[in-house]
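Peer 1: Structure in structure tokens, see below.
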Amino acid sequence: MVLIIMLSFSAIACSGESKQILLVIDMQTNLLMPGKGGLHVDSQQTASLIMNVNRAIQTAESRGIPVCYILNEWTNPIMNFFTNNVCKKGARGTELDGRIERADSLFFIKSEPNSFSNARLSEYVERNSIKTVYIAGIMAEACVAATAAAGLKKKLEVRLIVPAIGSSSRSKLDRALEKLKRKGAKMVQAI
């Protein structure tokens with residue numbers, strides 16, 4: 001009888017936990033390096049952005065929160081032409097920037113702004129009963145915004161780690177974060 005009560009209590013305790021994940025979006029060499037086709041983070045943001053993304057990764061890892069790295073790979077020749085091959089599949093500089101910490105080996109490739117366009121990522125979130133998604137990375141007005149909106153549509157709690165999100169300009173960053181806040185994303189300073 002005691003064993004049954006303990007098992008029931010344990011099941012109740014576990015069911016109350018919120019499964020979490022950290023998505024690190026597009027922290028690729030070309031996107032963090034000025035002069036590569038205009039699609040890069042404002043150089044005044046880069047150092048603090050990298051530091052804060054790494055801090056989020058370290059915190060997630062220490063708390064047992066899976067870290068998923070999302071990378072852009074474009075095969076569209078027109079998009080590649082107009083962006084100077086910044087994210088061209090297989091091109092130099094499209095890898096995860098070497099200054100970014102590697103906590104897990106969970107890498108997902110996308111060719112659209114929304115990270116959940118990768119079916120494997122969506123399946124991973126569903127299979128692991130993820131309820132809360134932390135987001136760090138770039139660009140606030142593009143891939144971060146599209147991923148956050150898709151997460152909200154999937155009824156996930158979306159938490160944007162504000163110091164760990166970058167953009168091509170401060171004004172674009174501020175506008176994107178404000179818009180996502182109005183849609184229901186939570187703004188947090190850390191995990």
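Labeling convention for the structure tokens: chains A, B, ... as they appear, residues from 1 per chain, ligands from 1 in order of appearance.
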Mind checking which residues fall within 8 Å of A:Phe116, counting only C-alpha atoms, ignoring those fewer than 3 positions away in the same chain, and posting them as a list of chain:residue names?

Peer 2: A:Ala119, A:Leu121, A:Ser122, A:Thr147, A:Ala150, A:Gly151

Peer 1: Which residues come within 7 Å of stretch 73-75 of chain A, counting only C-alpha atoms, excluding same-chain residues fewer than 5 positions away, as a PyMOL selection string?

Peer 2: chain A and resi 80+87-89+109-111

Peer 1: Residues of stretch 42-158 of chain A classed as alpha helix (DSSP H) by DSSP on the backbone are to be reported as a PyMOL selection string.

Peer 2: chain A and resi 43-62+77-82+119-127+145-153

Peer 1: Would you write out those residues with C-alpha atoms, as an mmCIF file, in the first residue's frame?

Peer 2:
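Output contents, as saved in part_13.cif:
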data_model
loop_
_atom_site.group_PDB
_atom_site.id
_atom_site.type_symbol
_atom_site.label_atom_id
_atom_site.label_comp_id
_atom_site.auth_asym_id
_atom_site.auth_seq_id
_atom_site.Cartn_x
_atom_site.Cartn_y
_atom_site.Cartn_z
ATOM 1 C CA SER A 43 29.197 44.756 -35.058
ATOM 2 C CA GLN A 44 28.507 46.720 -31.857
ATOM 3 C CA GLN A 45 26.336 43.828 -30.629
ATOM 4 C CA THR A 46 28.607 40.917 -31.586
ATOM 5 C CA ALA A 47 30.884 40.582 -28.531
ATOM 6 C CA SER A 48 28.126 40.860 -25.925
ATOM 7 C CA LEU A 49 25.796 38.693 -28.030
ATOM 8 C CA ILE A 50 28.335 35.857 -28.191
ATOM 9 C CA MET A 51 29.066 36.169 -24.465
ATOM 10 C CA ASN A 52 25.355 36.035 -23.563
ATOM 11 C CA VAL A 53 24.584 33.157 -25.942
ATOM 12 C CA ASN A 54 27.453 31.197 -24.374
ATOM 13 C CA ARG A 55 26.168 32.029 -20.892
ATOM 14 C CA ALA A 56 22.711 30.707 -21.881
ATOM 15 C CA ILE A 57 24.283 27.508 -23.252
ATOM 16 C CA GLN A 58 26.310 26.988 -20.069
ATOM 17 C CA THR A 59 23.274 27.570 -17.862
ATOM 18 C CA ALA A 60 21.112 25.226 -19.934
ATOM 19 C CA GLU A 61 23.774 22.541 -19.829
ATOM 20 C CA SER A 62 24.207 22.882 -16.042
ATOM 21 C CA PRO A 77 20.409 30.194 -56.233
ATOM 22 C CA ILE A 78 18.590 33.537 -56.317
ATOM 23 C CA MET A 79 18.681 33.925 -52.537
ATOM 24 C CA ASN A 80 22.332 32.896 -52.492
ATOM 25 C CA PHE A 81 23.182 35.383 -55.256
ATOM 26 C CA PHE A 82 21.549 38.338 -53.496
ATOM 27 C CA ALA A 119 10.377 18.325 -39.253
ATOM 28 C CA ARG A 120 13.053 16.637 -37.121
ATOM 29 C CA LEU A 121 13.056 19.566 -34.680
ATOM 30 C CA SER A 122 9.255 19.561 -34.447
ATOM 31 C CA GLU A 123 9.290 15.795 -33.855
ATOM 32 C CA TYR A 124 12.006 16.174 -31.195
ATOM 33 C CA VAL A 125 9.924 18.779 -29.324
ATOM 34 C CA GLU A 126 6.781 16.636 -29.483
ATOM 35 C CA ARG A 127 8.516 13.345 -28.662
ATOM 36 C CA ALA A 145 10.664 36.130 -34.835
ATOM 37 C CA ALA A 146 9.482 33.356 -37.164
ATOM 38 C CA THR A 147 10.577 30.626 -34.746
ATOM 39 C CA ALA A 148 8.993 32.360 -31.740
ATOM 40 C CA ALA A 149 5.716 32.865 -33.624
ATOM 41 C CA ALA A 150 5.669 29.212 -34.686
ATOM 42 C CA GLY A 151 6.380 28.119 -31.103
ATOM 43 C CA LEU A 152 3.482 30.203 -29.826
ATOM 44 C CA LYS A 153 1.246 28.708 -32.512
#

Peer 1: Within 8 Å of A:Leu71, counting only C-alpha atoms, which residues qualify if same-chain residues fewer than 3 places away don't, as a short mmCIF file (atom, residue, chain, number, x, y, z; two decimals) with N, CA and C atoms, in the first residue's frame?

Peer 2:
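Dumped everything to result-v8.cif:
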data_model
loop_
_atom_site.label_atom_id
_atom_site.label_comp_id
_atom_site.auth_asym_id
_atom_site.auth_seq_id
_atom_site.Cartn_x
_atom_site.Cartn_y
_atom_site.Cartn_z
N ILE A 25 19.85 29.91 -32.46
CA ILE A 25 19.49 30.08 -33.86
C ILE A 25 20.54 30.87 -34.65
N ASP A 26 21.05 30.25 -35.70
CA ASP A 26 21.86 30.90 -36.74
C ASP A 26 23.13 31.60 -36.26
N MET A 27 23.75 31.09 -35.25
CA MET A 27 25.01 31.69 -34.78
C MET A 27 26.16 31.17 -35.65
N GLN A 28 26.10 31.54 -36.91
CA GLN A 28 27.04 31.06 -37.92
C GLN A 28 28.09 32.13 -38.21
N THR A 94 29.46 28.93 -43.14
CA THR A 94 28.08 28.63 -42.76
C THR A 94 27.99 27.74 -41.52
N GLU A 95 29.14 27.33 -41.03
CA GLU A 95 29.17 26.48 -39.84
C GLU A 95 28.91 27.30 -38.57
N LEU A 96 28.64 26.61 -37.48
CA LEU A 96 28.50 27.26 -36.19
C LEU A 96 29.78 28.02 -35.90
N PHE A 107 21.90 19.24 -33.74
CA PHE A 107 21.98 20.23 -34.80
C PHE A 107 20.81 20.00 -35.76
N PHE A 108 20.16 21.09 -36.12
CA PHE A 108 19.05 21.03 -37.07
C PHE A 108 19.29 22.07 -38.16
N ILE A 109 19.09 21.67 -39.39
CA ILE A 109 19.29 22.54 -40.54
C ILE A 109 17.94 23.05 -41.02
N LYS A 110 17.91 24.32 -41.42
CA LYS A 110 16.68 24.88 -41.97
C LYS A 110 17.02 25.71 -43.20
#

Peer 1: Pick out each residue of stretch 68-115 of chain A that DSSP on the backbone tags as strand (DSSP E or B); I need them as a VMD selection string.

Peer 2: chain A and resid 68 to 72 74 88 96 106 to 110

Peer 1: For a test of reading the model, state the distance in Å between atom CA of A:Thr132 and atom CA of A:Arg175, rounded to one decimal.

Peer 2: 23.2 Å
